[in-house]
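Undergrad: One structure is given below, represented as structure tokens, and several questions about it will come after.
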Amino acid sequence: RCQSVDADKREGSNRKLLDNASNLLTNFLSGGSIGSMPIAEGAVSDLIGRPLFFSLYDWFIQHGSVYKLAFGPKAFVVVSDPIVARHILRENAFSYDKGVLADILEPIMGKGLIPADLDTWKQRRRVIAPGFHTSYLEAMVKTFTTCSERTVSKFNKLLEGEGYAGQKSIQLDLEAEFSSLALDVIGLSVFNYDFGSVTKESPVIKAVYGTLFEAEHRSTFYIPYWKLPLARWLVPRQRKFQHDLKIINNCLDELIRNAKESREETDVEKLQQRDYSNLKDASLLRFLVDMRGADVDDRQLRDDLMTMLIAGHETTAAVLTWAVFLLAQNPDKMKKAQAEVDSVLGSDKPTFESLKKLQYIRLIVVESLRLYPQPPLLIRRSLKPDVLPGGHKGDKDGYAIPAGTDVFLSVYNLHRSPYFWDHPHEFEPERFLVQSKNEEIEGWAGFDPSRSPGALYPNEIVSDFAFLPFGGGPRKCVGDQFALMESTVALAMLLQKFDVELKGTSESVELVTGATIHTKNGLWCNLRKRSDLH
Ligand code: HEM
């Protein structure tokens, strides 16, 4: 007991030291060039032991929707206002780059779309975005159902198998299961490679997880020590990272070589006519190689594939994790979702057509992204001086910012803003629902449908940048529809067969964050076959 009191005292005085240091820094920076912007008087200790975006929310409520935060040796501008978000992401998008994020991701993704400089980005976005056309998405729905079926049959086997026979439920970390499922989907759909991670482990899978882990570590570690000379050889985790990267790069290089060698004119014709019906390999890599000819640069192609592997994997796994977390706490909504699945699908698998009718499931996915946006912060750095639109507490004329200003656009704050949402912290997929006369989607409740008629989901356009499930402006996610369909298929197929409840209390599920929001120790659930099915 004495020891713990001492430890408390020590921690108290450490916190005081940190507070003093951060206040000094804040005062020093307050004379800076960002003028009259409110300054968060937060202490560094606020950032220890809880995800950064929680503290950014508290300061948003305290200081308003644009404020300056002194953090470590740097100042950041934190934005939680839709008009300013629209300005940065869309209207003045090319005056910003990815700043800190590019520094972190460049060693992994090279010149892939996310960290790419503007010139590379312009050229590659034009090539990659058409790859996500409707016929590709339609072909991919089969991949989503195949991979989800693997997961469902793994759970069935566990429920029926030896050791579990007779037991009504099994305990599983669903976060880990969704991670495997999403990895299998992304491997097959982006480069026609079957990781098979739902059922096995392999050196490539381990290397992918190692690399994701390092990307995560780097996005929470604010001193880029990996850039120091020799760090890649001397720091053990950096040596491991280089090793993992080599395994994945070798694997991707081989896939690229194969795709180039197996290029056939008949496939190219089919792709040109968007005819995916008889293609053996409908992957994005096939499209990129076939449509651009064999001369496409291998290094750039590898960077593009690596970027999509990382961008499309953790995000989708995270949205499924939080959707189940939220549903498990709302059994009435889980029943409602199951009723929709039963009436639309019966015992069939989803198809491209039937997916459109799973509207409630889609809204569960979207509402989960409102409460747990992936990533919770968008990061930008101004390339030239700019004026952020005014109308906020304290500065009606807007805030002038110099070139080189680092901006955190808090999607988490926007999505839980008490100024834009009723019951902002409640899980209410119904909030978006409108009664439509026929089955066509006519709009989304609370938003102006004329802004984006027939939008598949409530997006940044209909909400005028109050809701950014997939970002907005020219650097918006290229995989938004893909991810929405994949998550809808996976969730529908899970709920078609199983009831899920949390193993412990919801409070025991701790949040951690790097690039995405995930749990500290997994999402442990009890899973049982649905009792209302025979
Ligand atoms: C960009 C979210 C799935 C590929 C983004 C951005 C967001 C986002 C918010 C914008 C980042 C920024 O402005 O800084 C999500 C979420 C997903 C998801 C929530 C799943 C639920 C996917 C998938 C793919 C993908 C499946 C590919 C197969 C990309 C790429 C970019 C991007 C390449 C960069 C676009 C550019 O800069 O032009 N994503 N994403 N994402 N996403 Fe996604």
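Residue numbering restarts at 1 in every chain; chains get A, B, ... in the order shown in the structure tokens, and ligands count up from 1 in that same order.
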Counting only C-alpha atoms and all ligand atoms, what are the residues of chain A within 8 Å of ligand 1, and for each of them which pair of atoms is the nearest and at what distance in Å, to one decimal? Sort the table by chain and rising number, as a Markdown table.
TA:
| residue | atom | partner | partner_atom_place_in_ligand_line | distance |
| --- | --- | --- | --- | --- |
| A:Leu89 | CA | ligand 1 | 13 (O) | 7.2 |
| A:Lys98 | CA | ligand 1 | 14 (O) | 6.8 |
| A:Gly112 | CA | ligand 1 | 33 (C) | 7.5 |
| A:Leu113 | CA | ligand 1 | 37 (O) | 4.8 |
| A:Ile114 | CA | ligand 1 | 34 (C) | 4.4 |
| A:Pro115 | CA | ligand 1 | 37 (O) | 7.3 |
| A:Ala116 | CA | ligand 1 | 37 (O) | 7.6 |
| A:Trp121 | CA | ligand 1 | 38 (O) | 6.7 |
| A:Arg125 | CA | ligand 1 | 38 (O) | 5.7 |
| A:Ile186 | CA | ligand 1 | 28 (C) | 6.5 |
| A:Ser189 | CA | ligand 1 | 28 (C) | 7.9 |
| A:Val190 | CA | ligand 1 | 28 (C) | 6.7 |
| A:Asp304 | CA | ligand 1 | 33 (C) | 7.6 |
| A:Thr307 | CA | ligand 1 | 33 (C) | 6.2 |
| A:Met308 | CA | ligand 1 | 27 (C) | 4.7 |
| A:Leu309 | CA | ligand 1 | 28 (C) | 6.9 |
| A:Ala311 | CA | ligand 1 | 25 (C) | 4.8 |
| A:Gly312 | CA | ligand 1 | 23 (C) | 3.4 |
| A:His313 | CA | ligand 1 | 26 (C) | 6.5 |
| A:Glu314 | CA | ligand 1 | 20 (C) | 7.7 |
| A:Thr315 | CA | ligand 1 | 20 (C) | 4.4 |
| A:Thr316 | CA | ligand 1 | 20 (C) | 4.1 |
| A:Ala317 | CA | ligand 1 | 21 (C) | 7.6 |
| A:Ala318 | CA | ligand 1 | 21 (C) | 7.4 |
| A:Val319 | CA | ligand 1 | 21 (C) | 5.6 |
| A:Leu369 | CA | ligand 1 | 19 (C) | 6.7 |
| A:Pro373 | CA | ligand 1 | 19 (C) | 6.5 |
| A:Gln374 | CA | ligand 1 | 19 (C) | 4.6 |
| A:Pro375 | CA | ligand 1 | 9 (C) | 6.0 |
| A:Leu378 | CA | ligand 1 | 14 (O) | 4.9 |
| A:Ile379 | CA | ligand 1 | 14 (O) | 6.0 |
| A:Arg380 | CA | ligand 1 | 14 (O) | 7.4 |
| A:Leu468 | CA | ligand 1 | 9 (C) | 7.0 |
| A:Pro469 | CA | ligand 1 | 19 (C) | 5.9 |
| A:Phe470 | CA | ligand 1 | 9 (C) | 4.0 |
| A:Gly471 | CA | ligand 1 | 9 (C) | 4.0 |
| A:Gly472 | CA | ligand 1 | 13 (O) | 6.6 |
| A:Gly473 | CA | ligand 1 | 13 (O) | 7.9 |
| A:Pro474 | CA | ligand 1 | 38 (O) | 6.6 |
| A:Arg475 | CA | ligand 1 | 38 (O) | 4.0 |
| A:Lys476 | CA | ligand 1 | 10 (C) | 4.7 |
| A:Cys477 | CA | ligand 1 | 1 (C) | 3.5 |
| A:Val478 | CA | ligand 1 | 29 (C) | 5.0 |
| A:Gly479 | CA | ligand 1 | 24 (C) | 3.9 |
| A:Asp480 | CA | ligand 1 | 3 (C) | 5.8 |
| A:Phe482 | CA | ligand 1 | 26 (C) | 5.7 |
| A:Ala483 | CA | ligand 1 | 26 (C) | 4.5 |
| A:Leu484 | CA | ligand 1 | 21 (C) | 6.3 |
| A:Ser487 | CA | ligand 1 | 21 (C) | 7.2 |
Undergrad: Write the residues of the preceding selection, restricted to C-alpha atoms, as an mmCIF file, in the first residue's frame.
TA:
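Result went into selection.cif, see below:
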data_model
loop_
_atom_site.group_PDB
_atom_site.id
_atom_site.type_symbol
_atom_site.label_atom_id
_atom_site.label_comp_id
_atom_site.auth_asym_id
_atom_site.auth_seq_id
_atom_site.Cartn_x
_atom_site.Cartn_y
_atom_site.Cartn_z
ATOM 1 C CA LEU A 89 -10.291 19.418 -48.236
ATOM 2 C CA LYS A 98 -0.181 15.362 -46.041
ATOM 3 C CA GLY A 112 1.507 5.628 -53.296
ATOM 4 C CA LEU A 113 -1.636 7.807 -53.401
ATOM 5 C CA ILE A 114 -1.840 8.589 -49.680
ATOM 6 C CA PRO A 115 1.594 10.148 -49.080
ATOM 7 C CA ALA A 116 2.261 11.093 -52.729
ATOM 8 C CA TRP A 121 -0.796 12.020 -56.997
ATOM 9 C CA ARG A 125 -5.234 9.072 -59.131
ATOM 10 C CA ILE A 186 -7.865 -6.953 -50.047
ATOM 11 C CA SER A 189 -9.369 -7.993 -54.962
ATOM 12 C CA VAL A 190 -6.324 -5.767 -55.310
ATOM 13 C CA ASP A 304 0.204 1.696 -55.299
ATOM 14 C CA THR A 307 -0.880 1.710 -50.265
ATOM 15 C CA MET A 308 -4.138 -0.042 -51.043
ATOM 16 C CA LEU A 309 -3.182 -3.053 -48.963
ATOM 17 C CA ALA A 311 -5.483 1.717 -46.643
ATOM 18 C CA GLY A 312 -8.100 -0.924 -47.338
ATOM 19 C CA HIS A 313 -7.318 -3.456 -44.650
ATOM 20 C CA GLU A 314 -7.273 -1.934 -41.149
ATOM 21 C CA THR A 315 -10.013 0.592 -41.934
ATOM 22 C CA THR A 316 -12.539 -2.045 -42.974
ATOM 23 C CA ALA A 317 -11.595 -4.361 -40.105
ATOM 24 C CA ALA A 318 -12.094 -1.428 -37.707
ATOM 25 C CA VAL A 319 -15.521 -0.462 -39.013
ATOM 26 C CA LEU A 369 -18.112 5.338 -39.006
ATOM 27 C CA PRO A 373 -14.248 7.458 -37.858
ATOM 28 C CA GLN A 374 -11.282 5.768 -39.523
ATOM 29 C CA PRO A 375 -8.934 7.592 -39.288
ATOM 30 C CA LEU A 378 -7.088 13.895 -41.153
ATOM 31 C CA ILE A 379 -3.645 15.470 -41.303
ATOM 32 C CA ARG A 380 -2.584 18.324 -43.569
ATOM 33 C CA LEU A 468 -16.952 12.706 -43.660
ATOM 34 C CA PRO A 469 -17.007 8.912 -43.436
ATOM 35 C CA PHE A 470 -14.539 8.694 -46.332
ATOM 36 C CA GLY A 471 -13.009 12.181 -46.331
ATOM 37 C CA GLY A 472 -13.866 14.651 -49.077
ATOM 38 C CA GLY A 473 -12.526 16.706 -51.981
ATOM 39 C CA PRO A 474 -10.012 15.419 -54.531
ATOM 40 C CA ARG A 475 -8.201 13.189 -52.007
ATOM 41 C CA LYS A 476 -11.352 11.438 -50.872
ATOM 42 C CA CYS A 477 -11.084 7.672 -50.441
ATOM 43 C CA VAL A 478 -11.027 5.843 -53.798
ATOM 44 C CA GLY A 479 -12.343 2.701 -52.109
ATOM 45 C CA ASP A 480 -15.482 4.142 -50.441
ATOM 46 C CA PHE A 482 -15.853 -0.989 -52.230
ATOM 47 C CA ALA A 483 -15.458 -0.687 -48.435
ATOM 48 C CA LEU A 484 -19.137 -0.014 -47.857
ATOM 49 C CA SER A 487 -18.579 -4.267 -44.752
#
Undergrad: Where does DSSP see strand (DSSP E) in stretch 299-410 of chain A, if you list the residues as number ranges by chain?
TA: A: 377-382, 386-388, 399-401, 406-410
Undergrad: Out of stretch 122-356 of chain A, which residues get alpha helix (DSSP H) from DSSP, as number ranges by chain?
TA: A: 122-128, 134-160, 174-191, 203-220, 231-234, 236-261, 265-272, 284-292, 298-328, 331-345, 352-355
Undergrad: What does the distance from atom CA of A:Leu533 to atom CA of A:Leu174 come to in Å, to one decimal?
TA: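 So the answer is 21.9 Å.
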Undergrad: Which polymer residues have any atom within 10 Å of an atom of A:Leu523, counting only C-alpha atoms, with same-chain residues fewer than 4 positions away left out, as JSON, numbers by chain?
TA: {"A": [172, 173, 174, 175, 176, 177, 321, 322, 324, 325, 502, 503, 504, 506, 508, 509, 510, 518, 519]}
Undergrad: Those same residues, written as a tab-separated table (two decimals), in the first residue's frame with N, CA and C atoms?
TA:
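Result file result-v7.tsv:
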chain	number	residue	atom	x	y	z
A	172	LEU	N	-14.65	-15.51	-28.90
A	172	LEU	CA	-13.74	-15.15	-29.99
A	172	LEU	C	-13.37	-13.68	-29.91
A	173	ASP	N	-12.15	-13.39	-30.37
A	173	ASP	CA	-11.77	-11.99	-30.53
A	173	ASP	C	-12.20	-11.58	-31.95
A	174	LEU	N	-13.34	-10.94	-32.04
A	174	LEU	CA	-13.86	-10.63	-33.39
A	174	LEU	C	-13.01	-9.60	-34.12
A	175	GLU	N	-12.31	-8.77	-33.38
A	175	GLU	CA	-11.43	-7.80	-34.05
A	175	GLU	C	-10.36	-8.55	-34.87
A	176	ALA	N	-9.77	-9.58	-34.26
A	176	ALA	CA	-8.75	-10.36	-34.97
A	176	ALA	C	-9.37	-11.09	-36.16
A	177	GLU	N	-10.60	-11.60	-35.98
A	177	GLU	CA	-11.26	-12.33	-37.09
A	177	GLU	C	-11.56	-11.39	-38.26
A	321	THR	N	-15.47	-4.06	-36.56
A	321	THR	CA	-15.29	-4.24	-35.12
A	321	THR	C	-16.24	-3.32	-34.34
A	322	TRP	N	-16.27	-2.04	-34.71
A	322	TRP	CA	-17.09	-1.09	-33.94
A	322	TRP	C	-18.57	-1.28	-34.23
A	324	VAL	N	-20.01	-4.17	-34.63
A	324	VAL	CA	-20.43	-5.28	-33.75
A	324	VAL	C	-20.44	-4.82	-32.29
A	325	PHE	N	-19.45	-4.03	-31.91
A	325	PHE	CA	-19.40	-3.50	-30.54
A	325	PHE	C	-20.70	-2.73	-30.23
A	502	LEU	N	-21.16	-9.12	-26.06
A	502	LEU	CA	-19.82	-8.86	-25.54
A	502	LEU	C	-19.52	-9.82	-24.41
A	503	LYS	N	-18.25	-10.22	-24.31
A	503	LYS	CA	-17.88	-11.14	-23.23
A	503	LYS	C	-17.87	-10.39	-21.88
A	504	GLY	N	-17.32	-9.19	-21.88
A	504	GLY	CA	-17.31	-8.40	-20.64
A	504	GLY	C	-18.23	-7.19	-20.79
A	506	SER	N	-19.07	-3.17	-21.74
A	506	SER	CA	-18.59	-2.31	-22.84
A	506	SER	C	-17.43	-1.43	-22.33
A	508	SER	N	-15.10	-2.29	-20.42
A	508	SER	CA	-13.83	-3.02	-20.36
A	508	SER	C	-13.13	-3.05	-21.73
A	509	VAL	N	-13.84	-2.63	-22.78
A	509	VAL	CA	-13.21	-2.58	-24.10
A	509	VAL	C	-12.49	-1.23	-24.23
A	510	GLU	N	-11.16	-1.27	-24.07
A	510	GLU	CA	-10.41	0.00	-24.10
A	510	GLU	C	-10.01	0.38	-25.52
A	518	HIS	N	-8.72	1.30	-32.62
A	518	HIS	CA	-8.98	-0.11	-32.35
A	518	HIS	C	-8.96	-0.41	-30.85
A	519	THR	N	-9.19	-1.66	-30.50
A	519	THR	CA	-9.29	-1.99	-29.08
A	519	THR	C	-7.89	-2.30	-28.54
Undergrad: Could you check how far atom CA of A:Asp184 sits from atom CA of A:Ser197, in Å to one decimal?
TA: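 Straight-line distance from atom CA of A:Asp184 to atom CA of A:Ser197 works out to 6.2 Å.
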Undergrad: Which of these residues is nearest to A:Asp386, using only C-alpha atoms: A:Ala93, A:Val512, A:Ile83, A:Ile361?
TA: A:Ala93
Undergrad: Pick from A:Ser382, A:Val344, A:His423, A:Lys529: nearest to A:Phe408, with only C-alpha atoms counted?
TA: A:Ser382
Undergrad: Which residue, A:Leu52, A:Lys356, A:Val365, A:Thr351, has the smallest gap to A:Ala455 when you use only C-alpha atoms?
TA: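 Looking at the shortest contact to A:Ala455, the residue is A:Lys356.
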Undergrad: Using only C-alpha atoms, which protein or nucleic acid residues come within 8 Å of stretch 249-253 of chain A? Drop anything in the same chain fewer than 2 positions from it, and give the result as a PDB file with C-alpha atoms, in the first residue's frame.
TA:
ATOM      1  CA  VAL A 204       3.847 -13.001 -45.698  1.00  0.00           C
ATOM      2  CA  LEU A 245       9.046  -4.830 -45.803  1.00  0.00           C
ATOM      3  CA  LYS A 246      11.424  -6.905 -47.911  1.00  0.00           C
ATOM      4  CA  ILE A 247       9.170  -9.987 -47.660  1.00  0.00           C
ATOM      5  CA  LEU A 255       2.816 -10.656 -58.515  1.00  0.00           C
ATOM      6  CA  ILE A 256       3.583  -7.665 -60.737  1.00  0.00           C
ATOM      7  CA  ARG A 257       6.001  -9.723 -62.823  1.00  0.00           C
ATOM      8  CA  ASP A 298       7.153  -1.461 -61.468  1.00  0.00           C
ATOM      9  CA  ARG A 302       4.329  -1.680 -56.048  1.00  0.00           C
ATOM     10  CA  LEU A 305      -0.486  -1.891 -54.258  1.00  0.00           C
TER      11      LEU A 305
END
